[in-house]
Amino acid sequence: MRILVTGGAGFIGSHLVDKLMANVHQMKRMRYISGQSQEWIGHPRFELIRHDVTEPLLVEVDCIYHLACPASPIFYKYNPVKLPFSQTRLQLRQNVIGTLNMLGLAKWVGVRILLTSTSEVYGDPLEHPQKEEYWGNVNPIGVRSCYDEGKRVAETLMFDYHRQHDIEIQIARIFNTYGPRMNIDDGHVVSYFVAQALR
Ligand code: UDP
């Protein structure tokens with residue numbers, strides 16, 4: 001299979017790429033911000049695509065894992081509109097236009113697409129633990145809103161494309177992941193506590 005992983009050089013994406021490459025798939029991986037593991041570059045079944053998902057992408061693939069999104073609360077709190085990177089773009093553009101483009105691609109080539117979403121879609125939940133049916137309690141104007149609402153819109157787009165165009169979709173709401181290759185200053189709760197303890 002030709003598999004497209006957006007955000008494939010990021011913390012979670014790079015682990016996914018490793019897992020998929022271990023099964024010797026042909027890989028198209030996109031690298032944008034975090035650019036961490038590069039060990040697959042040069043592998044005959046691996047292709048690195050340097051591309052911003054907020055721009056349309058035309059590639060022939062058999063399935064899409066759409067992970068690309070700046071997820072560190074440090075960055076989106078610091079500057080929710082314009083991220084402090086040389087290749088700057090908007091958190092919301094990434095989630096909305098980026099997901100729209102990947103759905104357009106999925107529709108065009110007729111393949112399944114998985115979106116990595118977040119526990120943040122539940123906001124400050126009033127139910128514990130959160131079930132998938134729970135709609136959440138999100139502050140629309142808070143400092144985390146650009147991420148929370150961005151992912152909520154991304155999920156909305158996924159379901160709209162599923163309903164309207166019969167695209168096969170999957171959404172994974174990831175809760176507070178941590179582990180190897182994570183930036184120690186990422187700002188997520190587990191790494192935050194671990195970093196403070198180490199210091
Ligand atoms: N798109 C893309 N790659 C494709 C097909 C579409 O990046 O192979 C983008 C396209 O530029 C558009 C978005 O996906 O902005 C949504 O495409 P769709 O065809 O669903 O919507 P439309 O262009 O009809 O509004």
# chains A, B, ... in the order shown; residues from 1 in each chain; ligands from 1
$ residues_around --residues "region 184-188 of chain A" --least-positions-apart "2" --cutoff "6 Å" --atoms "only C-alpha atoms" --output "list in words"
Ser72, Pro73, Ile74, Val190, Ser191 and Tyr192 of chain A
$ residues_near_ligand --ligand "ligand 1" --cutoff "10 Å" --atoms "only C-alpha atoms and all ligand atoms" --output "PyMOL selection string"
chain A and resi 53-61+97-110+161+164-165
$ atom_distance --atom1 "CA of Glu120 (chain A)" --atom2 "CA of Cys146 (chain A)"
10.6 Å
$ closest_residue --among "A:Ala172, A:Ala68, A:Val96, A:Val121" --to "Arg152 (chain A)" --atoms "only C-alpha atoms"
A:Val121
$ select_by_dssp --residues "region 10-193 of chain A" --states "helix (DSSP H, G or I)" --output "count of residues only"
67
$ select_by_dssp --residues "region 38-127 of chain A" --states "strand (DSSP E)" --output "list in words"
Phe46, Glu47, Leu48, Ile49, Arg50, Cys63, Ile64, Tyr65, His66, Arg112, Ile113, Leu114, Leu115, Thr116, Ser117 and Thr118 of chain A
$ closest_residue --among "A:Ile3, A:Leu157, A:Ile171, A:Leu92" --to "Glu132 (chain A)" --atoms "only C-alpha atoms"
A:Ile171
$ residues_around --residues "region 124-131 of chain A" --least-positions-apart "3" --cutoff "12 Å" --atoms "only C-alpha atoms" --output "ChimeraX atom specification"
/A:118-121,134-140,142,144-145,148,173,175
$ write_last_selection --atoms "N, CA and C atoms" --output "PDB file, in the first residue's frame"
ATOM      1  N   THR A 118      -8.355  14.865  19.450  1.00  0.00           N
ATOM      2  CA  THR A 118      -7.818  15.091  20.787  1.00  0.00           C
ATOM      3  C   THR A 118      -8.898  15.033  21.863  1.00  0.00           C
ATOM      4  N   SER A 119      -8.496  14.716  23.064  1.00  0.00           N
ATOM      5  CA  SER A 119      -9.393  14.817  24.216  1.00  0.00           C
ATOM      6  C   SER A 119      -9.860  16.255  24.413  1.00  0.00           C
ATOM      7  N   GLU A 120      -9.111  17.199  23.823  1.00  0.00           N
ATOM      8  CA  GLU A 120      -9.474  18.616  23.960  1.00  0.00           C
ATOM      9  C   GLU A 120     -10.825  18.937  23.325  1.00  0.00           C
ATOM     10  N   VAL A 121     -11.326  18.055  22.456  1.00  0.00           N
ATOM     11  CA  VAL A 121     -12.660  18.322  21.895  1.00  0.00           C
ATOM     12  C   VAL A 121     -13.726  18.299  22.988  1.00  0.00           C
ATOM     13  N   TYR A 134     -20.436  11.940  24.317  1.00  0.00           N
ATOM     14  CA  TYR A 134     -20.460  13.217  25.045  1.00  0.00           C
ATOM     15  C   TYR A 134     -20.010  14.352  24.135  1.00  0.00           C
ATOM     16  N   TRP A 135     -20.731  15.470  24.153  1.00  0.00           N
ATOM     17  CA  TRP A 135     -20.460  16.560  23.220  1.00  0.00           C
ATOM     18  C   TRP A 135     -19.466  17.588  23.751  1.00  0.00           C
ATOM     19  N   GLY A 136     -19.143  17.499  25.015  1.00  0.00           N
ATOM     20  CA  GLY A 136     -18.094  18.364  25.536  1.00  0.00           C
ATOM     21  C   GLY A 136     -18.574  19.683  26.100  1.00  0.00           C
ATOM     22  N   ASN A 137     -17.631  20.393  26.656  1.00  0.00           N
ATOM     23  CA  ASN A 137     -17.907  21.666  27.327  1.00  0.00           C
ATOM     24  C   ASN A 137     -16.727  22.586  27.024  1.00  0.00           C
ATOM     25  N   VAL A 138     -16.748  23.123  25.815  1.00  0.00           N
ATOM     26  CA  VAL A 138     -15.587  23.871  25.325  1.00  0.00           C
ATOM     27  C   VAL A 138     -15.796  25.375  25.463  1.00  0.00           C
ATOM     28  N   ASN A 139     -14.795  26.033  25.978  1.00  0.00           N
ATOM     29  CA  ASN A 139     -14.788  27.496  26.008  1.00  0.00           C
ATOM     30  C   ASN A 139     -14.408  28.000  24.614  1.00  0.00           C
ATOM     31  N   PRO A 140     -15.307  28.718  23.945  1.00  0.00           N
ATOM     32  CA  PRO A 140     -14.991  29.119  22.568  1.00  0.00           C
ATOM     33  C   PRO A 140     -14.045  30.304  22.468  1.00  0.00           C
ATOM     34  N   GLY A 142     -11.343  30.912  24.871  1.00  0.00           N
ATOM     35  CA  GLY A 142     -10.185  30.782  25.762  1.00  0.00           C
ATOM     36  C   GLY A 142      -8.872  30.637  25.003  1.00  0.00           C
ATOM     37  N   ARG A 144      -6.997  28.114  24.806  1.00  0.00           N
ATOM     38  CA  ARG A 144      -6.855  26.814  24.142  1.00  0.00           C
ATOM     39  C   ARG A 144      -7.853  26.648  23.006  1.00  0.00           C
ATOM     40  N   SER A 145      -8.712  27.620  22.816  1.00  0.00           N
ATOM     41  CA  SER A 145      -9.824  27.447  21.875  1.00  0.00           C
ATOM     42  C   SER A 145      -9.366  27.181  20.447  1.00  0.00           C
ATOM     43  N   ASP A 148      -8.778  23.484  20.443  1.00  0.00           N
ATOM     44  CA  ASP A 148     -10.006  22.724  20.725  1.00  0.00           C
ATOM     45  C   ASP A 148     -11.009  22.876  19.585  1.00  0.00           C
ATOM     46  N   ARG A 173      -9.389  10.095  18.959  1.00  0.00           N
ATOM     47  CA  ARG A 173      -9.208  11.174  19.943  1.00  0.00           C
ATOM     48  C   ARG A 173      -8.144  10.737  20.939  1.00  0.00           C
ATOM     49  N   PHE A 175      -5.579  11.030  24.014  1.00  0.00           N
ATOM     50  CA  PHE A 175      -5.583  11.640  25.351  1.00  0.00           C
ATOM     51  C   PHE A 175      -4.167  11.688  25.920  1.00  0.00           C
TER      52      PHE A 175
END
$ atom_distance --atom1 "CA of Gly7 (chain A)" --atom2 "CA of Cys69 (chain A)"
6.9 Å
$ residues_around --residues "region 17-22 of chain A" --least-positions-apart "6" --cutoff "9 Å" --atoms "only C-alpha atoms" --output "MDAnalysis selection string"
chainID A and resid 3 5 8:9 29 40 45:46
$ write_last_selection --atoms "N, CA, C and O atoms" --output "mmCIF file, in the first residue's frame"
data_model
loop_
_atom_site.group_PDB
_atom_site.id
_atom_site.type_symbol
_atom_site.label_atom_id
_atom_site.label_comp_id
_atom_site.auth_asym_id
_atom_site.auth_seq_id
_atom_site.Cartn_x
_atom_site.Cartn_y
_atom_site.Cartn_z
ATOM 1 N N ILE A 3 1.003 4.647 1.521
ATOM 2 C CA ILE A 3 0.384 5.278 2.685
ATOM 3 C C ILE A 3 0.917 6.690 2.850
ATOM 4 O O ILE A 3 2.131 6.907 2.847
ATOM 5 N N VAL A 5 1.283 9.755 5.379
ATOM 6 C CA VAL A 5 1.200 10.181 6.775
ATOM 7 C C VAL A 5 1.526 11.665 6.823
ATOM 8 O O VAL A 5 2.677 12.046 6.587
ATOM 9 N N GLY A 8 4.268 13.193 9.624
ATOM 10 C CA GLY A 8 5.006 11.949 9.838
ATOM 11 C C GLY A 8 6.342 12.099 10.537
ATOM 12 O O GLY A 8 6.939 11.103 10.951
ATOM 13 N N ALA A 9 6.817 13.323 10.660
ATOM 14 C CA ALA A 9 8.079 13.524 11.387
ATOM 15 C C ALA A 9 7.826 14.021 12.805
ATOM 16 O O ALA A 9 8.757 14.257 13.559
ATOM 17 N N ARG A 29 5.683 10.458 3.492
ATOM 18 C CA ARG A 29 5.585 11.119 4.779
ATOM 19 C C ARG A 29 5.788 12.602 4.582
ATOM 20 O O ARG A 29 6.637 13.022 3.819
ATOM 21 N N TRP A 40 14.446 7.052 8.033
ATOM 22 C CA TRP A 40 13.917 6.346 6.870
ATOM 23 C C TRP A 40 14.304 7.013 5.561
ATOM 24 O O TRP A 40 14.077 6.443 4.485
ATOM 25 N N ARG A 45 11.539 2.347 -0.101
ATOM 26 C CA ARG A 45 10.078 2.404 -0.042
ATOM 27 C C ARG A 45 9.572 3.632 0.712
ATOM 28 O O ARG A 45 8.401 3.698 1.082
ATOM 29 N N PHE A 46 10.468 4.544 0.952
ATOM 30 C CA PHE A 46 10.092 5.740 1.704
ATOM 31 C C PHE A 46 10.280 6.989 0.855
ATOM 32 O O PHE A 46 11.289 7.127 0.155
#
